[in-house]
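Contents: one structure, followed by commentary.
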Amino acid sequence: MVDQSQSRLARRLKAEVDGDVLFDAFSRGRYATDASHYQMMPLGAIVPRSMDDAARALAIARDEGVPVTPRGGGTSQCGQTINHGLVIDGSKHLRKIKSLDLQNKTCVVEPGIVLDDLNRALKRHGLWFPVDISTASRATIGGMAGNNSCGGRSLRYGTMRDNVIAIDAILPDGMPMHFGEVAAGLGELDGRPGKSLADHLLSIGRRESAEVAARFPNVQRRVGGYNLDALDPGRNRINLSHILVGSEGTLAYTTAVELKLWPVLGKRAVGVCHFGTFYAAMETAQHLVKLKPIAVELVDSTMIELASAIAMFKPTLEAILRGEPEALLLVEFGEEEAENKSRMRQLSELMGDLGFGFDRERKHWGGVVEVYDPALQTAITDLRTSGLNIMMSMKDQRKPISFVEDCAVPLPQLADYTENLTRIFEKHGTRGTWYAHASEGCLHVRPVLNLRLEKDVKAMRAIAEEAFALVRAYKGSHSGEHGDGLLRSEFHEPMFGTKLVRAFEEVKDTFDPNGLFNPGKIVHSTKFDDRSLFRYAPDYHVDDFVPQLDWSDYPGAIGGLQGAVEMCNNNGACRKLEGGAMCPSYRVTRDEQHVTRGRANSLRLALSGQIGTEAFSSDEMAETMKLCVSCKSCKRECPTGVDMAKMKIEVLAARAKKKGYSLRDRLVAFMPHYARYAAWIAPLLNLRNALPPMAWALEKIVGFSKSRSLPEWKARRFAPKASAFGPSEGREVVLWADTFNASFEPENLDAALAVLTGAGYRVHLAQAEDGKRPLCCGRTFLSVGNVDAARAEMARTLKALKPFLDRGVPLVGLEPSCLFTFRDELAAVLPGDEAKRAAAHAMLFEEFVLREARAGRFTARLAPVAAKVLLHGHCHQKAFGTMGAVEGALRLIPDLDLDLIESSCCGMAGAFGYQAETIEVSKAMAELSLLPAVRKAPDAIVIADGTSCRHQIKDGTEREAIHVARLLASSMAAAEAA
């Protein structure tokens, strides 16, 4: 229910501010959570287009008496970026580099710029900003400053506070102020705004200096409370910006940050130190730092076990693991090449001197695996920085919960601290997962709990109190990296003492006497275990219904769909803008609505009734899902495995049950049924592309955009009368003739058949038992949510394939979206042994060719056919990790110069790129990297295995892309002609 003040605020913002004003239930829900276990529904959110818009929004909120919370990537693990007032999201537009001083190695940036984006811009100048936190692909500089972020290499580069030179900010009363370095006497501030504020702050610092010296932990990783030590009157100069660093948006709204930059890292060396016991690893960390590495990072056995089950991390572990370690310490050096090797020798010698060897017993078992390969080093970094999401990938309602996660203790006490903390966990019936910054005595540890249960919430309270007491006993910090927020603010008094907590409150009240800037954080906080603020509050409930697909691998209602949706931990890996393929719609729009996290939050809130009745099948949910192209990138790249493509099918099915199917839905879904008839009138159907009035009429009637050509029907379908080809004694293979290639590009299937028979294989064509309508994988039906029709098609197909599957014949296909239906959705639609067997035997054409070549069975001769080849991967090839097979198959061709296009989704995604309402987003996706890369290589042959991908490339560049089968066929033909 929108109250009067909320409605008035929304009206004023829409009238006076240029930006997205988001006050609907779905939008508010998407801003109600961050990467913590908390949830606070805001009044609304605004995404300002400029800093002037942000300032105006602040003024309106102040007039209306509404609290404001600044938000960047929304990756906070302590609830800093959520509140009940107005959220100001600066991550979409407030991301400029305002200035760059190469001589002095500094830059000034807007707070919404993402760390990875900044470093990509700096790299060309040989510089970087080195506070390299694990969320660098989505965390903003403003959020990092607000949190005093640290990063894995803080051993060398320090924390955010050590690298912030100055901050420009708007105070709660609307006054702009520059916070930077000043003399202790503040004379240079005379006559300038903020002089009285600075005077008051220094008086607090002067008054509390002795208490600060006595109570502040002497560890680098202390980010709790306000930085009163920055106001030390004993210094000649004081940096006032450091009182804002770590203040979590409670004191001022940042408009610009001046940063200290460093030269980029050169060649590195990584020593993967193995340990037979966790205690031995922790005890050794204090000795390893004496070699002056730039980082020493922990990976424990739990993380190894979970990561080994995740496709994207398994190859990395296979490359670096020896035996079964209980812990790894990743020791990184970043010096000159010769010095790196010298340090690595010293590392091996030190491990030996400490009694470790791979031939020793468990307590002293261990050693070093040296890694110099940059690609493997990057993969190791990706594994380490994904620690949080890997830990959260447990398919259970019990999850590793962050609340004692980033306590920091002096290194000599690290081993005893971890052992005693483990005993605390065991005492309360749980265990912890461990990873991260061993070099700083700051380990990320999360007890495994189910916060839906009162008993586990009580256990969390007990563990927190005992753990923080332990930290204080070791003179450590209870907040070592992730800040205070809703989580740790309550515990400041036992940590810092009553006197300093009152001083923190005085700082807050000096800046913000009306308490309108992110209230309840750092001071005046709620109880950290206030369940009314939990994502899964006491009244959290999901109504049960029968899902369309099998979700039984997950816990919870709706056959496990609840648990699958709740796998999203809001850490925001889907918000990355480069690298991998997730999430293409977000890369275009940069809207929280159009990112996997935003969709997952909408689904969770809808299923639990928090955003209205029947929200799951509502128009708002349809809008939320509209730009999901079902690329499946999240299935692979989201470390918690949120499979949004599969969830979209459930939404489409629920909506179809409520509203039925449109004419366009039916045309798309039933194409496999009418395709063979379309071939009879192909010239007539193809007139649509030649006659603009027909294109205009079809857009009005059906919704296919008039500005996009449709695929050309071929009068000659791929429909051989024979059912088998090639030598009768050849090894058997079934060729899957999908509807798209058979109807629009039969030459691809011709080429595949020629390659396979030419290599001596006995090729069977998968045909229906009745010999009539061609078989179908069900993909087109799933794309509109018609699961019943897909199920019928799949059952018909499995029956026809059974004789081949019974004798283990591979099923080989050309179109990735169709072939991977056998490997993915088939088991969800028709769970059982037959589906599993089909999945096990289904292979892409290039997978089969490469496998057979490596086994010495692919005997066809190949000759050079092209000097330069450009390869674009279909989303599903990337999602299932088969791009290596495409490259491998192409490299069988002699003298081939092959380049892989680093791209996300091409933007076509079946019918998505043809729809009038999504065509512009489709084109924008293609322009992110794919089409520019094709244009830059005018002489290259372009390979794209996806039918849609080839169409997008043709429309966007007027270049013909071909399937890998055609290039292999040409190579075979050239060899035969030679």
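Each chain in the structure tokens gets a letter, A, B, ..., in the order shown, and its residues are numbered from 1; ligands are numbered from 1 in order too.
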
### Task
Determine which residues of range 262-347 of chain A DSSP labels as alpha helix (DSSP H) from the backbone of this structure, then write them out as a ChimeraX atom specification.
/A:278-288,301-308,314-320,337-347

Go ahead and dump the residues you just picked, N, CA, C and O atoms, as a tab-separated table (two decimals), in the first residue's frame.
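Saved as again.tsv:
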```tsv
chain	number	residue	atom	x	y	z
A	278	PHE	N	44.28	-27.87	8.57
A	278	PHE	CA	43.91	-26.46	8.54
A	278	PHE	C	44.75	-25.66	9.54
A	278	PHE	O	45.22	-24.56	9.25
A	279	TYR	N	44.96	-26.23	10.73
A	279	TYR	CA	45.72	-25.54	11.77
A	279	TYR	C	47.14	-25.23	11.29
A	279	TYR	O	47.67	-24.14	11.53
A	280	ALA	N	47.74	-26.19	10.59
A	280	ALA	CA	49.10	-25.98	10.09
A	280	ALA	C	49.16	-24.81	9.12
A	280	ALA	O	50.10	-24.01	9.14
A	281	ALA	N	48.14	-24.70	8.29
A	281	ALA	CA	48.10	-23.58	7.34
A	281	ALA	C	48.01	-22.25	8.08
A	281	ALA	O	48.72	-21.29	7.75
A	282	MET	N	47.15	-22.19	9.09
A	282	MET	CA	46.98	-20.94	9.82
A	282	MET	C	48.25	-20.58	10.61
A	282	MET	O	48.61	-19.41	10.72
A	283	GLU	N	48.91	-21.57	11.13
A	283	GLU	CA	50.12	-21.33	11.90
A	283	GLU	C	51.26	-20.86	11.00
A	283	GLU	O	52.14	-20.10	11.41
A	284	THR	N	51.22	-21.30	9.75
A	284	THR	CA	52.30	-20.98	8.81
A	284	THR	C	52.16	-19.60	8.20
A	284	THR	O	53.15	-19.01	7.76
A	285	ALA	N	50.96	-19.05	8.18
A	285	ALA	CA	50.73	-17.77	7.50
A	285	ALA	C	51.67	-16.68	8.00
A	285	ALA	O	52.20	-15.88	7.21
A	286	GLN	N	51.93	-16.62	9.30
A	286	GLN	CA	52.78	-15.58	9.87
A	286	GLN	C	54.21	-15.67	9.34
A	286	GLN	O	54.91	-14.65	9.29
A	287	HIS	N	54.63	-16.86	8.96
A	287	HIS	CA	55.98	-17.02	8.42
A	287	HIS	C	56.03	-16.67	6.93
A	287	HIS	O	57.03	-16.13	6.44
A	288	LEU	N	54.96	-16.98	6.21
A	288	LEU	CA	54.95	-16.72	4.77
A	288	LEU	C	55.00	-15.23	4.45
A	288	LEU	O	55.61	-14.82	3.45
A	301	SER	N	39.15	-26.79	2.55
A	301	SER	CA	38.68	-28.02	1.91
A	301	SER	C	37.21	-27.95	1.52
A	301	SER	O	36.81	-28.55	0.51
A	302	THR	N	36.41	-27.24	2.29
A	302	THR	CA	34.99	-27.09	1.94
A	302	THR	C	34.85	-26.34	0.63
A	302	THR	O	34.07	-26.73	-0.26
A	303	MET	N	35.60	-25.26	0.49
A	303	MET	CA	35.55	-24.49	-0.74
A	303	MET	C	36.06	-25.31	-1.92
A	303	MET	O	35.52	-25.24	-3.03
A	304	ILE	N	37.11	-26.10	-1.69
A	304	ILE	CA	37.64	-26.96	-2.75
A	304	ILE	C	36.57	-27.95	-3.19
A	304	ILE	O	36.34	-28.17	-4.39
A	305	GLU	N	35.89	-28.56	-2.23
A	305	GLU	CA	34.86	-29.56	-2.54
A	305	GLU	C	33.70	-28.94	-3.33
A	305	GLU	O	33.25	-29.50	-4.34
A	306	LEU	N	33.23	-27.78	-2.87
A	306	LEU	CA	32.11	-27.14	-3.56
A	306	LEU	C	32.53	-26.65	-4.94
A	306	LEU	O	31.78	-26.80	-5.92
A	307	ALA	N	33.72	-26.06	-5.05
A	307	ALA	CA	34.17	-25.51	-6.33
A	307	ALA	C	34.41	-26.62	-7.35
A	307	ALA	O	34.20	-26.42	-8.55
A	308	SER	N	34.81	-27.79	-6.90
A	308	SER	CA	35.08	-28.89	-7.82
A	308	SER	C	33.81	-29.38	-8.50
A	308	SER	O	33.87	-30.05	-9.54
A	314	LYS	N	36.27	-26.29	-11.99
A	314	LYS	CA	36.87	-27.63	-11.94
A	314	LYS	C	38.22	-27.71	-12.66
A	314	LYS	O	39.18	-28.27	-12.11
A	315	PRO	N	38.38	-27.15	-13.87
A	315	PRO	CA	39.69	-27.22	-14.54
A	315	PRO	C	40.81	-26.54	-13.74
A	315	PRO	O	41.96	-27.00	-13.75
A	316	THR	N	40.49	-25.44	-13.07
A	316	THR	CA	41.49	-24.73	-12.28
A	316	THR	C	41.99	-25.62	-11.15
A	316	THR	O	43.21	-25.73	-10.93
A	317	LEU	N	41.09	-26.25	-10.44
A	317	LEU	CA	41.48	-27.12	-9.33
A	317	LEU	C	42.29	-28.32	-9.83
A	317	LEU	O	43.27	-28.71	-9.20
A	318	GLU	N	41.89	-28.86	-10.96
A	318	GLU	CA	42.64	-30.00	-11.51
A	318	GLU	C	44.07	-29.61	-11.84
A	318	GLU	O	44.99	-30.44	-11.74
A	319	ALA	N	44.28	-28.35	-12.19
A	319	ALA	CA	45.62	-27.90	-12.58
A	319	ALA	C	46.52	-27.62	-11.38
A	319	ALA	O	47.75	-27.74	-11.50
A	320	ILE	N	45.95	-27.28	-10.23
A	320	ILE	CA	46.80	-26.84	-9.11
A	320	ILE	C	46.81	-27.79	-7.92
A	320	ILE	O	47.67	-27.65	-7.05
A	337	GLU	N	60.60	-10.48	-12.92
A	337	GLU	CA	60.53	-11.92	-13.17
A	337	GLU	C	61.58	-12.70	-12.39
A	337	GLU	O	61.29	-13.73	-11.76
A	338	ALA	N	62.82	-12.22	-12.41
A	338	ALA	CA	63.90	-12.93	-11.71
A	338	ALA	C	63.64	-12.94	-10.21
A	338	ALA	O	63.86	-13.96	-9.54
A	339	GLU	N	63.14	-11.82	-9.67
A	339	GLU	CA	62.87	-11.75	-8.24
A	339	GLU	C	61.70	-12.65	-7.87
A	339	GLU	O	61.70	-13.27	-6.80
A	340	ASN	N	60.70	-12.74	-8.75
A	340	ASN	CA	59.58	-13.66	-8.49
A	340	ASN	C	60.07	-15.09	-8.33
A	340	ASN	O	59.65	-15.82	-7.42
A	341	LYS	N	60.97	-15.49	-9.21
A	341	LYS	CA	61.48	-16.87	-9.15
A	341	LYS	C	62.33	-17.07	-7.90
A	341	LYS	O	62.31	-18.14	-7.28
A	342	SER	N	63.06	-16.02	-7.53
A	342	SER	CA	63.86	-16.11	-6.31
A	342	SER	C	62.96	-16.26	-5.09
A	342	SER	O	63.21	-17.08	-4.21
A	343	ARG	N	61.88	-15.46	-5.04
A	343	ARG	CA	60.95	-15.56	-3.92
A	343	ARG	C	60.27	-16.93	-3.89
A	343	ARG	O	59.99	-17.49	-2.82
A	344	MET	N	59.99	-17.46	-5.07
A	344	MET	CA	59.34	-18.77	-5.12
A	344	MET	C	60.27	-19.85	-4.57
A	344	MET	O	59.84	-20.76	-3.86
A	345	ARG	N	61.56	-19.73	-4.90
A	345	ARG	CA	62.53	-20.69	-4.34
A	345	ARG	C	62.57	-20.56	-2.82
A	345	ARG	O	62.60	-21.56	-2.09
A	346	GLN	N	62.55	-19.31	-2.35
A	346	GLN	CA	62.56	-19.09	-0.90
A	346	GLN	C	61.30	-19.67	-0.25
A	346	GLN	O	61.35	-20.20	0.86
A	347	LEU	N	60.17	-19.59	-0.97
A	347	LEU	CA	58.93	-20.14	-0.44
A	347	LEU	C	59.03	-21.65	-0.28
A	347	LEU	O	58.66	-22.20	0.77
```

Surrounding residues of Tyr677 in chain A excluding itself and chain neighbours under 5 positions, 12 Å, only C-alpha atoms, as a tab-separated table (two decimals) with N, CA and C atoms, in the first residue's frame:
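Below is the file that was written, part_17.tsv:
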```tsv
chain	number	residue	atom	x	y	z
A	671	MET	N	6.30	-24.00	-35.10
A	671	MET	CA	7.07	-24.02	-36.33
A	671	MET	C	7.52	-25.42	-36.73
A	672	PRO	N	7.97	-26.29	-35.79
A	672	PRO	CA	8.34	-27.64	-36.20
A	672	PRO	C	7.18	-28.43	-36.82
A	682	ALA	N	7.55	-21.59	-50.10
A	682	ALA	CA	8.66	-20.76	-49.64
A	682	ALA	C	8.76	-19.43	-50.38
A	685	LEU	N	6.14	-17.01	-48.97
A	685	LEU	CA	6.44	-16.58	-47.60
A	685	LEU	C	7.61	-15.61	-47.57
A	713	TRP	N	12.83	-19.13	-45.93
A	713	TRP	CA	12.47	-20.54	-46.07
A	713	TRP	C	13.10	-21.11	-47.34
A	714	LYS	N	13.58	-22.33	-47.26
A	714	LYS	CA	14.14	-22.99	-48.44
A	714	LYS	C	13.11	-23.97	-49.01
A	715	ALA	N	12.99	-23.91	-50.33
A	715	ALA	CA	12.07	-24.85	-50.97
A	715	ALA	C	12.56	-26.29	-50.84
A	716	ARG	N	13.90	-26.43	-50.78
A	716	ARG	CA	14.48	-27.77	-50.57
A	716	ARG	C	14.83	-27.94	-49.10
A	717	ARG	N	13.99	-28.61	-48.37
A	717	ARG	CA	14.30	-28.94	-46.99
A	717	ARG	C	15.32	-30.07	-46.92
A	743	SER	N	15.12	-26.31	-42.31
A	743	SER	CA	14.19	-25.44	-43.03
A	743	SER	C	14.86	-24.25	-43.69
A	773	ARG	N	5.65	-36.55	-39.58
A	773	ARG	CA	6.21	-35.28	-39.14
A	773	ARG	C	7.60	-35.47	-38.52
A	774	PRO	N	8.57	-34.60	-38.90
A	774	PRO	CA	9.92	-34.73	-38.34
A	774	PRO	C	9.92	-34.61	-36.82
```

### From A:Pro193, A:Gly813, A:Gly730, A:Gly609, residue lying nearest Tyr540 in chain A [only C-alpha atoms]
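Nearest candidate to Tyr540 in chain A out of A:Pro193, A:Gly813, A:Gly730, A:Gly609: A:Gly609.
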
### Query
For the atom pair CA of Trp262 in chain A and CA of Tyr435 in chain A, what is the interatomic distance in Å to one decimal place?
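Separation of CA of Trp262 in chain A and CA of Tyr435 in chain A: 26.7 Å.
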
### Task
Rank nothing, just name the residue among A:Asn147, A:Lys195, A:Val257, A:Gly225 nearest to Leu100 in chain A, using only C-alpha atoms.
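Under the stated criterion, the closest residue is A:Val257.
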
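Using only C-alpha atoms for every distance, the candidate list A:Ala183, A:Pro639, A:Ala166, A:Gly771 yields A:Pro639 as the residue closest to Met312 in chain A.
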
### Query
What is the distance between CA of Leu321 in chain A and CA of Lys363 in chain A, in Å to one decimal?
17.7 Å

Near range 129-145 of chain A, 12 Å: range 197-300 of chain A residue rows, closest pairs, only C-alpha atoms, as a tab-separated table:
```
residue	atom	partner	partner_atom	distance
A:Val223	CA	A:Ala145	CA	11.0
A:Ser241	CA	A:Ala145	CA	9.7
A:His242	CA	A:Ala145	CA	9.1
A:Ile243	CA	A:Ala145	CA	10.5
A:Leu244	CA	A:Ala145	CA	7.7
A:Val245	CA	A:Ala145	CA	5.0
A:Gly246	CA	A:Ala145	CA	6.2
A:Ser247	CA	A:Ala145	CA	8.2
A:Glu248	CA	A:Gly143	CA	7.7
A:Gly249	CA	A:Gly143	CA	8.5
A:Ala252	CA	A:Gly142	CA	11.4
A:Tyr253	CA	A:Gly142	CA	9.3
A:Thr254	CA	A:Gly142	CA	6.8
A:Thr255	CA	A:Gly142	CA	8.5
A:Ala256	CA	A:Gly142	CA	8.2
A:Val257	CA	A:Gly142	CA	7.5
A:Glu258	CA	A:Ile141	CA	10.1
A:Leu259	CA	A:Phe129	CA	7.7
A:Lys260	CA	A:Phe129	CA	7.2
A:Leu261	CA	A:Phe129	CA	5.2
A:Trp262	CA	A:Phe129	CA	6.3
A:Pro263	CA	A:Phe129	CA	8.6
A:Val264	CA	A:Pro130	CA	8.3
A:Leu265	CA	A:Pro130	CA	9.2
A:Ile294	CA	A:Pro130	CA	11.0
A:Ala295	CA	A:Asp132	CA	11.1
A:Glu297	CA	A:Ser134	CA	11.9
```

#### Entry: Counting only C-alpha atoms, the residue of A:Val763, A:Cys875, A:Ala462, A:Met647 that sits nearest Gly580 in chain A
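Comparing A:Val763, A:Cys875, A:Ala462, A:Met647 against Gly580 in chain A, the winner is A:Cys875.
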
### Message
Set the distance at 10 Å and use only C-alpha atoms: which residues neighbour Leu627 in chain A once local chain neighbours fewer than 5 positions away are removed? I'd like the list as a ChimeraX atom specification.
### Response
/A:584-586,589,593-595,622,907,912,917-918,921-922

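Proximity to Leu710 in chain A was assessed for A:Gly910, A:Gly29, A:Pro555, A:Pro513 counting only C-alpha atoms; the smallest distance is recorded for A:Gly910.
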
### Message
DSSP on the backbone: which residues in range 32-113 of chain A end up as strand (DSSP E or B)? Give the answer as a PyMOL selection string.
### Response
chain A and resi 33+38-39+44-48+68-71+86-89+97-101+106-109

Where does range 121-169 of chain A meet range 477-483 of chain A within 8 Å, residue by residue, with the nearest atom pair and distance in Å to one decimal for each, counting only C-alpha atoms, listed by chain and rising number, as JSON lines?
```
{"residue": "A:Asn147", "atom": "CA", "partner": "A:Gly483", "partner_atom": "CA", "distance": 5.7}
{"residue": "A:Asn148", "atom": "CA", "partner": "A:Glu481", "partner_atom": "CA", "distance": 7.3}
{"residue": "A:Ser149", "atom": "CA", "partner": "A:Glu481", "partner_atom": "CA", "distance": 6.0}
{"residue": "A:Cys150", "atom": "CA", "partner": "A:Glu481", "partner_atom": "CA", "distance": 6.1}
```

Can you pull out the residues contacting range 777-784 of chain A? Cut-off 9 Å, using only C-alpha atoms, and skip same-chain residues under 4 positions away; I want them as a PDB file with C-alpha atoms, in the first residue's frame.
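And here's out-v7.pdb as it stands now:
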```pdb
ATOM      1  CA  SER A 630      17.484 -17.457 -21.914  1.00  0.00           C
ATOM      2  CA  LYS A 648      11.545 -18.133 -17.150  1.00  0.00           C
ATOM      3  CA  ILE A 649       9.844 -21.221 -18.563  1.00  0.00           C
ATOM      4  CA  LEU A 652       5.794 -18.172 -19.144  1.00  0.00           C
ATOM      5  CA  ALA A 653       3.816 -21.317 -18.398  1.00  0.00           C
ATOM      6  CA  ALA A 656      -0.029 -18.720 -20.479  1.00  0.00           C
ATOM      7  CA  TYR A 661      -0.917 -17.757 -26.038  1.00  0.00           C
ATOM      8  CA  ASP A 665       3.626 -17.443 -29.538  1.00  0.00           C
ATOM      9  CA  ARG A 666       1.782 -20.052 -31.582  1.00  0.00           C
ATOM     10  CA  VAL A 668       7.001 -19.633 -32.924  1.00  0.00           C
ATOM     11  CA  ALA A 669       6.069 -22.704 -30.898  1.00  0.00           C
ATOM     12  CA  PHE A 670       4.470 -24.746 -33.669  1.00  0.00           C
ATOM     13  CA  MET A 671       7.074 -24.020 -36.334  1.00  0.00           C
ATOM     14  CA  PRO A 672       8.340 -27.644 -36.202  1.00  0.00           C
ATOM     15  CA  ASP A 738      16.851 -29.678 -36.220  1.00  0.00           C
ATOM     16  CA  ASP A 788       2.814 -29.823 -22.185  1.00  0.00           C
ATOM     17  CA  ALA A 789       3.440 -29.635 -25.928  1.00  0.00           C
ATOM     18  CA  ALA A 790       7.203 -29.810 -25.345  1.00  0.00           C
ATOM     19  CA  ARG A 791       6.689 -32.901 -23.187  1.00  0.00           C
ATOM     20  CA  ALA A 792       4.718 -34.591 -25.941  1.00  0.00           C
ATOM     21  CA  GLU A 793       7.407 -33.799 -28.510  1.00  0.00           C
ATOM     22  CA  MET A 794      10.158 -35.028 -26.227  1.00  0.00           C
ATOM     23  CA  THR A 797      11.549 -38.158 -29.817  1.00  0.00           C
ATOM     24  CA  SER A 817      19.924 -24.446 -28.627  1.00  0.00           C
ATOM     25  CA  CYS A 818      18.319 -27.679 -29.840  1.00  0.00           C
ATOM     26  CA  LEU A 819      21.116 -30.088 -28.978  1.00  0.00           C
ATOM     27  CA  THR A 821      17.809 -29.208 -24.872  1.00  0.00           C
ATOM     28  CA  PHE A 822      18.716 -32.893 -24.641  1.00  0.00           C
ATOM     29  CA  GLU A 825      15.642 -29.202 -20.213  1.00  0.00           C
ATOM     30  CA  LEU A 826      14.807 -32.747 -21.284  1.00  0.00           C
ATOM     31  CA  GLY A 910      15.380 -17.213 -31.021  1.00  0.00           C
ATOM     32  CA  ALA A 911      12.363 -14.961 -31.523  1.00  0.00           C
TER      33      ALA A 911
END
```
